[in-house]
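Shown here: model18.cif, mmCIF, C-alpha atoms.
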```cif
data_upload
loop_
_atom_site.label_atom_id
_atom_site.label_comp_id
_atom_site.auth_asym_id
_atom_site.auth_seq_id
_atom_site.Cartn_x
_atom_site.Cartn_y
_atom_site.Cartn_z
CA GLN B 1 102.07 128.85 90.85
CA VAL B 2 100.07 126.10 92.50
CA GLN B 3 99.46 126.57 96.21
CA LEU B 4 97.71 124.37 98.76
CA VAL B 5 96.17 126.01 101.80
CA GLU B 6 94.95 123.89 104.70
CA SER B 7 92.34 124.88 107.22
CA GLY B 8 89.97 123.37 109.71
CA GLY B 9 89.97 121.76 113.10
CA GLY B 10 93.57 121.26 113.93
CA GLY B 11 94.62 121.53 117.57
CA LEU B 12 93.97 119.51 120.72
CA VAL B 13 91.28 116.83 121.00
CA HIS B 14 90.61 114.03 123.47
CA THR B 15 90.81 110.34 122.65
CA GLY B 16 87.67 109.27 120.81
CA GLY B 17 87.01 112.72 119.47
CA SER B 18 86.65 113.93 115.89
CA LEU B 19 88.24 116.59 113.71
CA ARG B 20 87.77 117.73 110.12
CA LEU B 21 90.50 119.24 107.98
CA SER B 22 90.18 120.85 104.57
CA CYS B 23 92.64 121.85 101.88
CA THR B 24 92.10 123.97 98.78
CA ALA B 25 94.45 124.20 95.82
CA SER B 26 94.73 127.37 93.74
CA GLY B 27 96.71 128.62 90.75
CA ASN B 28 94.91 128.41 87.38
CA ILE B 29 94.14 124.75 87.99
CA LEU B 30 92.04 122.82 85.49
CA SER B 31 92.14 119.42 87.20
CA ILE B 32 93.97 117.41 89.86
CA MET B 33 94.54 113.68 89.54
CA ASP B 34 95.16 112.76 93.20
CA MET B 35 94.50 114.70 96.40
CA GLY B 36 94.86 113.56 99.93
CA TRP B 37 96.64 113.64 103.24
CA TYR B 38 99.92 112.57 104.79
CA ARG B 39 101.13 112.96 108.37
CA GLN B 40 104.46 113.22 110.08
CA ILE B 41 105.67 112.70 113.62
CA PRO B 42 108.94 114.48 114.53
CA GLY B 43 111.84 112.19 113.72
CA ASP B 44 109.77 109.95 111.46
CA GLN B 45 109.12 109.91 107.74
CA ARG B 46 105.96 111.42 106.32
CA GLU B 47 103.37 108.67 105.86
CA LEU B 48 100.21 108.31 103.83
CA VAL B 49 96.92 108.79 105.66
CA GLY B 50 94.50 108.68 102.74
CA MET B 51 94.26 109.74 99.11
CA MET B 52 91.47 110.03 96.57
CA THR B 53 91.58 110.14 92.78
CA ALA B 54 89.48 112.56 90.77
CA ALA B 55 87.20 109.62 89.98
CA GLY B 56 86.55 109.09 93.69
CA VAL B 57 88.69 106.02 94.33
CA ALA B 58 90.16 106.19 97.83
CA ASP B 59 93.13 104.52 99.45
CA TYR B 60 93.86 104.55 103.19
CA ALA B 61 96.61 103.56 105.55
CA ASP B 62 95.71 100.44 107.53
CA SER B 63 96.06 102.41 110.77
CA VAL B 64 93.19 104.76 109.88
CA GLN B 65 90.96 102.46 107.80
CA GLY B 66 87.39 102.66 109.09
CA ARG B 67 88.05 105.76 111.20
CA PHE B 68 89.16 108.43 108.69
CA ILE B 69 87.35 109.51 105.53
CA VAL B 70 88.81 111.43 102.60
CA SER B 71 86.46 113.29 100.29
CA ARG B 72 86.84 115.80 97.47
CA GLU B 73 85.08 118.66 95.74
CA ASN B 74 86.73 118.50 92.34
CA GLU B 75 85.14 121.68 91.04
CA ASN B 76 86.65 123.62 93.96
CA HIS B 77 89.96 121.69 94.00
CA THR B 78 89.33 120.92 97.65
CA VAL B 79 89.99 117.80 99.69
CA PHE B 80 88.69 117.01 103.18
CA LEU B 81 89.85 114.68 105.92
CA GLU B 82 87.27 113.60 108.47
CA MET B 83 88.96 111.99 111.45
CA ASN B 84 86.87 109.97 113.90
CA SER B 85 87.65 107.84 116.95
CA LEU B 86 90.94 109.63 117.31
CA LYS B 87 93.76 107.97 119.22
CA PRO B 88 96.91 109.41 120.81
CA GLU B 89 98.93 107.69 118.07
CA ASP B 90 97.16 109.92 115.53
CA THR B 91 99.05 112.89 116.96
CA ALA B 92 101.09 114.40 114.13
CA VAL B 93 101.37 117.26 111.67
CA TYR B 94 98.94 116.60 108.82
CA TYR B 95 99.87 117.69 105.30
CA CYS B 96 97.65 118.02 102.27
CA ARG B 97 99.12 116.72 98.99
CA ALA B 98 98.09 117.20 95.38
CA HIS B 99 99.64 115.25 92.51
CA GLY B 100 99.12 115.24 88.77
CA ILE B 101 97.88 118.75 88.12
CA LEU B 102 96.72 120.29 84.86
CA VAL B 103 97.14 124.06 84.92
CA GLN B 104 96.14 126.68 82.38
CA GLY B 105 99.39 128.14 81.02
CA PRO B 106 99.81 131.38 79.05
CA SER B 107 99.15 129.63 75.73
CA ALA B 108 98.02 126.09 76.55
CA PRO B 109 97.25 123.70 79.41
CA THR B 110 100.35 122.29 81.09
CA TRP B 111 100.64 119.00 83.00
CA THR B 112 102.66 119.08 86.21
CA GLU B 113 103.77 115.71 87.56
CA ARG B 114 105.49 116.91 90.75
CA PRO B 115 103.49 116.82 94.00
CA PHE B 116 102.53 119.96 95.87
CA TRP B 117 102.14 120.17 99.65
CA GLY B 118 100.21 122.26 102.12
CA GLN B 119 101.81 124.00 105.05
CA GLY B 120 100.75 121.41 107.62
CA ILE B 121 98.29 121.42 110.51
CA ARG B 122 99.23 120.09 113.93
CA VAL B 123 96.79 117.64 115.50
CA THR B 124 97.27 116.51 119.10
CA VAL B 125 95.17 113.74 120.63
CA SER B 126 95.33 113.53 124.41
CA SER B 127 94.77 110.30 126.32
#
```
Will you turn the file into structure tokens for me?
Amino acid sequence: QVQLVESGGGGLVHTGGSLRLSCTASGNILSIMDMGWYRQIPGDQRELVGMMTAAGVADYADSVQGRFIVSRENENHTVFLEMNSLKPEDTAVYYCRAHGILVQGPSAPTWTERPFWGQGIRVTVSS
């Protein structure tokens, strides 16, 4: 079973500060097509922060472009989120997401299309 475990600098930070989150996927994984981050404010829908393909192509929400950086270590099935120049509006629960996963099954590799999510890390930016 694929699992995503998040870790890193969640918690409270002042406006203008920086945090770095990481997320590692496990579960007989051979490769992951897309890995990245979403965030959610209570009462709102979960929204994309940034994603990166296995080839290193990144896509970001306009609200974080130029401030946040997504990176990956494909061999370790790990994705990072570096958050700089944080603003109070960045306050949210941040979720790691992995999509398009090839896992080693009992007899052959198996492709899983459904996305998997981490448990979420709360980030609070004070003004």
Separation of atom CA of B:Thr124 from atom CA of B:Val70, in Å and rounded to one decimal: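 If I compute the distance from atom CA of B:Thr124 to atom CA of B:Val70, I get 19.2 Å.
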Compare B:Gly56, B:Gly50, B:Pro115, B:Pro88 by their minimum atom-to-atom distance to B:Leu12, counting all atoms listed in the file, and give me the closest one. B:Pro88
Can you list what the PyMOL selection byres ((chain B and resi 1) around 10) grabs from this structure, as a PyMOL selection string? chain B and resi 2-3+26-29+103
Using only C-alpha atoms, find each residue of stretch 54-106 of chain B with at least one atom at most 6 Å away from an atom of stretch 32-43 of chain B; report its shortest atom-to-atom pair and that distance in Å (one decimal), sort the rows by chain and rising residue number, and return the result as CSV.
```
residue,atom,partner,partner_atom,distance
B:Ala54,CA,B:Met33,CA,5.3
B:Ala92,CA,B:Ile41,CA,4.9
B:Val93,CA,B:Gln40,CA,5.3
B:Tyr94,CA,B:Arg39,CA,4.3
B:Tyr95,CA,B:Tyr38,CA,5.1
B:Cys96,CA,B:Trp37,CA,4.6
B:Arg97,CA,B:Gly36,CA,5.4
B:Ala98,CA,B:Met35,CA,4.5
B:His99,CA,B:Asp34,CA,5.2
B:Gly100,CA,B:Met33,CA,4.9
B:Ile101,CA,B:Ile32,CA,4.5
```
Could you write those residues out with C-alpha atoms, as a short mmCIF file (atom, residue, chain, number, x, y, z; two decimals), in the coordinates of the input?
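The result, written out as out02.cif:
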```cif
data_model
loop_
_atom_site.label_atom_id
_atom_site.label_comp_id
_atom_site.auth_asym_id
_atom_site.auth_seq_id
_atom_site.Cartn_x
_atom_site.Cartn_y
_atom_site.Cartn_z
CA ALA B 54 89.48 112.56 90.77
CA ALA B 92 101.09 114.40 114.13
CA VAL B 93 101.37 117.26 111.67
CA TYR B 94 98.94 116.60 108.82
CA TYR B 95 99.87 117.69 105.30
CA CYS B 96 97.65 118.02 102.27
CA ARG B 97 99.12 116.72 98.99
CA ALA B 98 98.09 117.20 95.38
CA HIS B 99 99.64 115.25 92.51
CA GLY B 100 99.12 115.24 88.77
CA ILE B 101 97.88 118.75 88.12
#
```
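Put simply, atom CA of B:Glu113 is 25.3 Å away from atom CA of B:Asp44.
Residue selection for this entry, given the PyMOL selection byres ((chain B and resi 69) around 8), comprises B:Gly50, B:Gly66, B:Arg67, B:Phe68, B:Val70, B:Ser71, B:Phe80, B:Leu81, B:Glu82, B:Met83.
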Keeping only C-alpha atoms, write the selected residues as a JSON list (two decimals), keeping the file's coordinate frame.
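The result, stored in part-v4.json:
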```
[["chain", "number", "residue", "atom", "x", "y", "z"],
["B", 50, "GLY", "CA", 94.50, 108.68, 102.74],
["B", 66, "GLY", "CA", 87.39, 102.66, 109.09],
["B", 67, "ARG", "CA", 88.05, 105.76, 111.20],
["B", 68, "PHE", "CA", 89.16, 108.43, 108.69],
["B", 70, "VAL", "CA", 88.81, 111.43, 102.60],
["B", 71, "SER", "CA", 86.46, 113.29, 100.29],
["B", 80, "PHE", "CA", 88.69, 117.01, 103.18],
["B", 81, "LEU", "CA", 89.85, 114.68, 105.92],
["B", 82, "GLU", "CA", 87.27, 113.60, 108.47],
["B", 83, "MET", "CA", 88.96, 111.99, 111.45]]
```
